[in-house]
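> This structure is in structure tokens; I'll ask about it shortly.
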Amino acid sequence: MSFIYKYEEFINPSSNNSPMASESINQNHLHILMIPLLAPGHTIPMIDMAKMLAQRPNVTVTIVTTPVNAIQYAPKLQIHINAGLPVRFLELPFPAIENGLPEGCESADAVPGLHLLPNFSAAVDMLQQRLEQRFDSINPRPNCVISDKFMLWTDDTASKLRFPGLYLME
């Protein structure tokens, strides 16, 4: 089952083809889970998109990231959060050391050499299980996911957790 939908299906939940038309989904509120690739050129535009989406009525946005990235990007969000914009980070511990990376290496631009990119990729893939374990604690429950196309595991996670996904291509 594919969980890739057109933008119109997300903004027009009354459409018969819309994943948002399901009775199990709260029709009055949309909670979007955003999953960027852990790299500035992917995270910053997704944060900007999250701010735009969260300005819509009855929309909450949660951005999945890591502790180091949350600290780095918090200034881009804090003023908006303080003003009441419903956008936030969900921090997942990043398994850097478990994958042979230096402690604190939680972004592609922090990888100290090309030879360690496979290690970084393996660590990113381990975030899938961590997100799935934390999913039930996310409140309100997300209705959909918007994910970077390089976060290859997000389609599998959306299928397991039974909610639609929109995957951003360049």
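By convention in this document, the chains of the structure tokens carry letters A, B, ... by their order, each chain's residues are numbered from 1, and ligands are numbered from 1 in the order they are shown.
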Report as a compact mmCIF listing (two decimals) with N, CA and C atoms, in the first residue's frame: the residues of segment 2-170 of chain A with a DSSP assignment of strand (DSSP E), based on the backbone of this structure.

# COMPACT_ATOMS: atom_id res chain seq x y z
N LEU A 30 -5.30 19.06 12.06
CA LEU A 30 -4.28 18.34 11.30
C LEU A 30 -2.96 18.45 12.05
N HIS A 31 -2.39 17.32 12.41
CA HIS A 31 -1.08 17.29 13.06
C HIS A 31 -0.10 16.64 12.08
N ILE A 32 0.83 17.44 11.59
CA ILE A 32 1.80 17.00 10.59
C ILE A 32 3.12 16.67 11.27
N LEU A 33 3.63 15.49 11.01
CA LEU A 33 4.94 15.07 11.48
C LEU A 33 5.90 15.27 10.31
N MET A 34 6.92 16.12 10.50
CA MET A 34 7.88 16.40 9.43
C MET A 34 9.22 15.75 9.78
N ILE A 35 9.80 15.08 8.77
CA ILE A 35 11.05 14.36 8.99
C ILE A 35 12.07 14.79 7.92
N VAL A 59 -3.80 23.55 12.60
CA VAL A 59 -2.66 22.75 12.16
C VAL A 59 -1.56 22.84 13.21
N THR A 60 -1.04 21.69 13.60
CA THR A 60 0.13 21.59 14.48
C THR A 60 1.20 20.86 13.69
N VAL A 61 2.45 21.29 13.86
CA VAL A 61 3.56 20.64 13.17
C VAL A 61 4.61 20.21 14.19
N THR A 62 5.04 18.96 14.06
CA THR A 62 6.13 18.43 14.88
C THR A 62 7.25 18.03 13.93
N ILE A 63 8.44 18.55 14.19
CA ILE A 63 9.62 18.26 13.37
C ILE A 63 10.50 17.26 14.12
N VAL A 64 10.75 16.12 13.50
CA VAL A 64 11.61 15.10 14.09
C VAL A 64 13.06 15.51 13.87
N THR A 65 13.84 15.52 14.94
CA THR A 65 15.24 15.88 14.85
C THR A 65 16.01 15.22 15.99
N VAL A 87 4.24 24.78 16.53
CA VAL A 87 5.30 24.01 15.89
C VAL A 87 6.31 23.66 16.98
N ARG A 88 6.85 22.45 16.89
CA ARG A 88 7.77 21.98 17.94
C ARG A 88 8.70 20.92 17.37
N PHE A 89 9.73 20.62 18.15
CA PHE A 89 10.65 19.54 17.81
C PHE A 89 10.30 18.29 18.61
N LEU A 90 10.48 17.14 18.00
CA LEU A 90 10.49 15.86 18.69
C LEU A 90 11.93 15.37 18.59
N GLU A 91 12.63 15.36 19.71
CA GLU A 91 14.04 14.97 19.71
C GLU A 91 14.19 13.47 19.91
N CYS A 144 -0.47 12.72 9.52
CA CYS A 144 0.29 12.45 8.29
C CYS A 144 1.75 12.81 8.53
N VAL A 145 2.58 12.39 7.59
CA VAL A 145 4.00 12.71 7.65
C VAL A 145 4.40 13.40 6.34
N ILE A 146 5.27 14.39 6.47
CA ILE A 146 5.94 14.99 5.32
C ILE A 146 7.41 14.72 5.54
N SER A 147 8.01 14.01 4.60
CA SER A 147 9.36 13.53 4.79
C SER A 147 10.27 13.89 3.63
N ASP A 148 11.53 14.05 3.95
CA ASP A 148 12.56 14.23 2.94
C ASP A 148 12.69 12.92 2.17
N GLY A 165 1.62 9.61 4.02
CA GLY A 165 2.85 10.37 3.93
C GLY A 165 2.95 11.11 2.61
N LEU A 166 3.64 12.22 2.66
CA LEU A 166 3.95 13.00 1.48
C LEU A 166 5.46 13.12 1.46
N TYR A 167 6.10 12.71 0.37
CA TYR A 167 7.55 12.67 0.31
C TYR A 167 8.04 13.73 -0.65
N LEU A 168 8.90 14.60 -0.13
CA LEU A 168 9.36 15.74 -0.91
C LEU A 168 10.52 15.36 -1.81
> Give me the residues of segment 100-140 of chain A that have any atom at most 12 Å from an atom of segment 71-76 of chain A; for each, the nearest atom pair and the distance in Å, rounded to one decimal. Use only C-alpha atoms, sort by chain and number, and format it as JSON lines.

{"residue": "A:Gly104", "atom": "CA", "partner": "A:Ile71", "partner_atom": "CA", "distance": 11.4}
{"residue": "A:Glu106", "atom": "CA", "partner": "A:Gln72", "partner_atom": "CA", "distance": 10.6}
{"residue": "A:Ser107", "atom": "CA", "partner": "A:Gln72", "partner_atom": "CA", "distance": 10.3}
> Just to be explicit: take each residue in the selection above, keep N, CA, C and O atoms, and write the result as a compact mmCIF listing (two decimals), in the first residue's frame.

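Saved as out08.txt:
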# COMPACT_ATOMS: atom_id res chain seq x y z
N GLY A 104 28.17 13.80 19.14
CA GLY A 104 27.69 15.10 18.67
C GLY A 104 27.62 15.21 17.16
O GLY A 104 27.16 16.22 16.63
N GLU A 106 25.67 14.76 14.49
CA GLU A 106 24.26 14.47 14.25
C GLU A 106 23.72 15.13 12.99
O GLU A 106 22.52 15.20 12.79
N SER A 107 24.61 15.61 12.15
CA SER A 107 24.22 16.26 10.90
C SER A 107 25.24 15.90 9.83
O SER A 107 26.43 15.73 10.14
> Pick the closest to Val111 of chain A from A:Leu85, A:Asp125, A:Ala96, A:Glu132: which is it, counting only C-alpha atoms?
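Going through A:Leu85, A:Asp125, A:Ala96, A:Glu132 one by one, the smallest distance to Val111 of chain A is for A:Ala96.
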> Which of these, A:Pro36, A:Pro67, A:Pro45, A:Pro93, has the shortest distance to Thr154 of chain A once you count only C-alpha atoms?
A:Pro36
> I need the residue nearest Asp109 of chain A from this list: A:Asn28, A:Asn69, A:Asn58, A:Thr157. Use only C-alpha atoms for the distance.
A:Asn69
> Quick one: residues within 10 Å of Leu92 of chain A, only C-alpha atoms, excluding same-chain residues fewer than 5 positions away - as a list in words?
Val64, Thr65, Thr66, Pro67, Ala70, Leu127, Gln128, Arg130, Leu131 and Arg134 of chain A
> Excluding Val124 of chain A and residues on its chain fewer than 6 positions from it, collect all residues at most 10 Å away from it, counting only C-alpha atoms, and give them as JSON, numbers by chain.
{"A": [37, 38, 94, 95, 96, 99, 106, 107, 108, 118, 151, 152, 153]}
> As an exercise, work out the distance from atom CA of Asp156 of chain A to atom CA of Phe120 of chain A in Å and give it to one decimal place.
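Separation of atom CA of Asp156 of chain A and atom CA of Phe120 of chain A: 19.8 Å.
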> Find the distance between atom CA of Lys51 of chain A and atom CA of Val68 of chain A and write it in Å to one decimal.
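These two atoms are separated by 20.2 Å.
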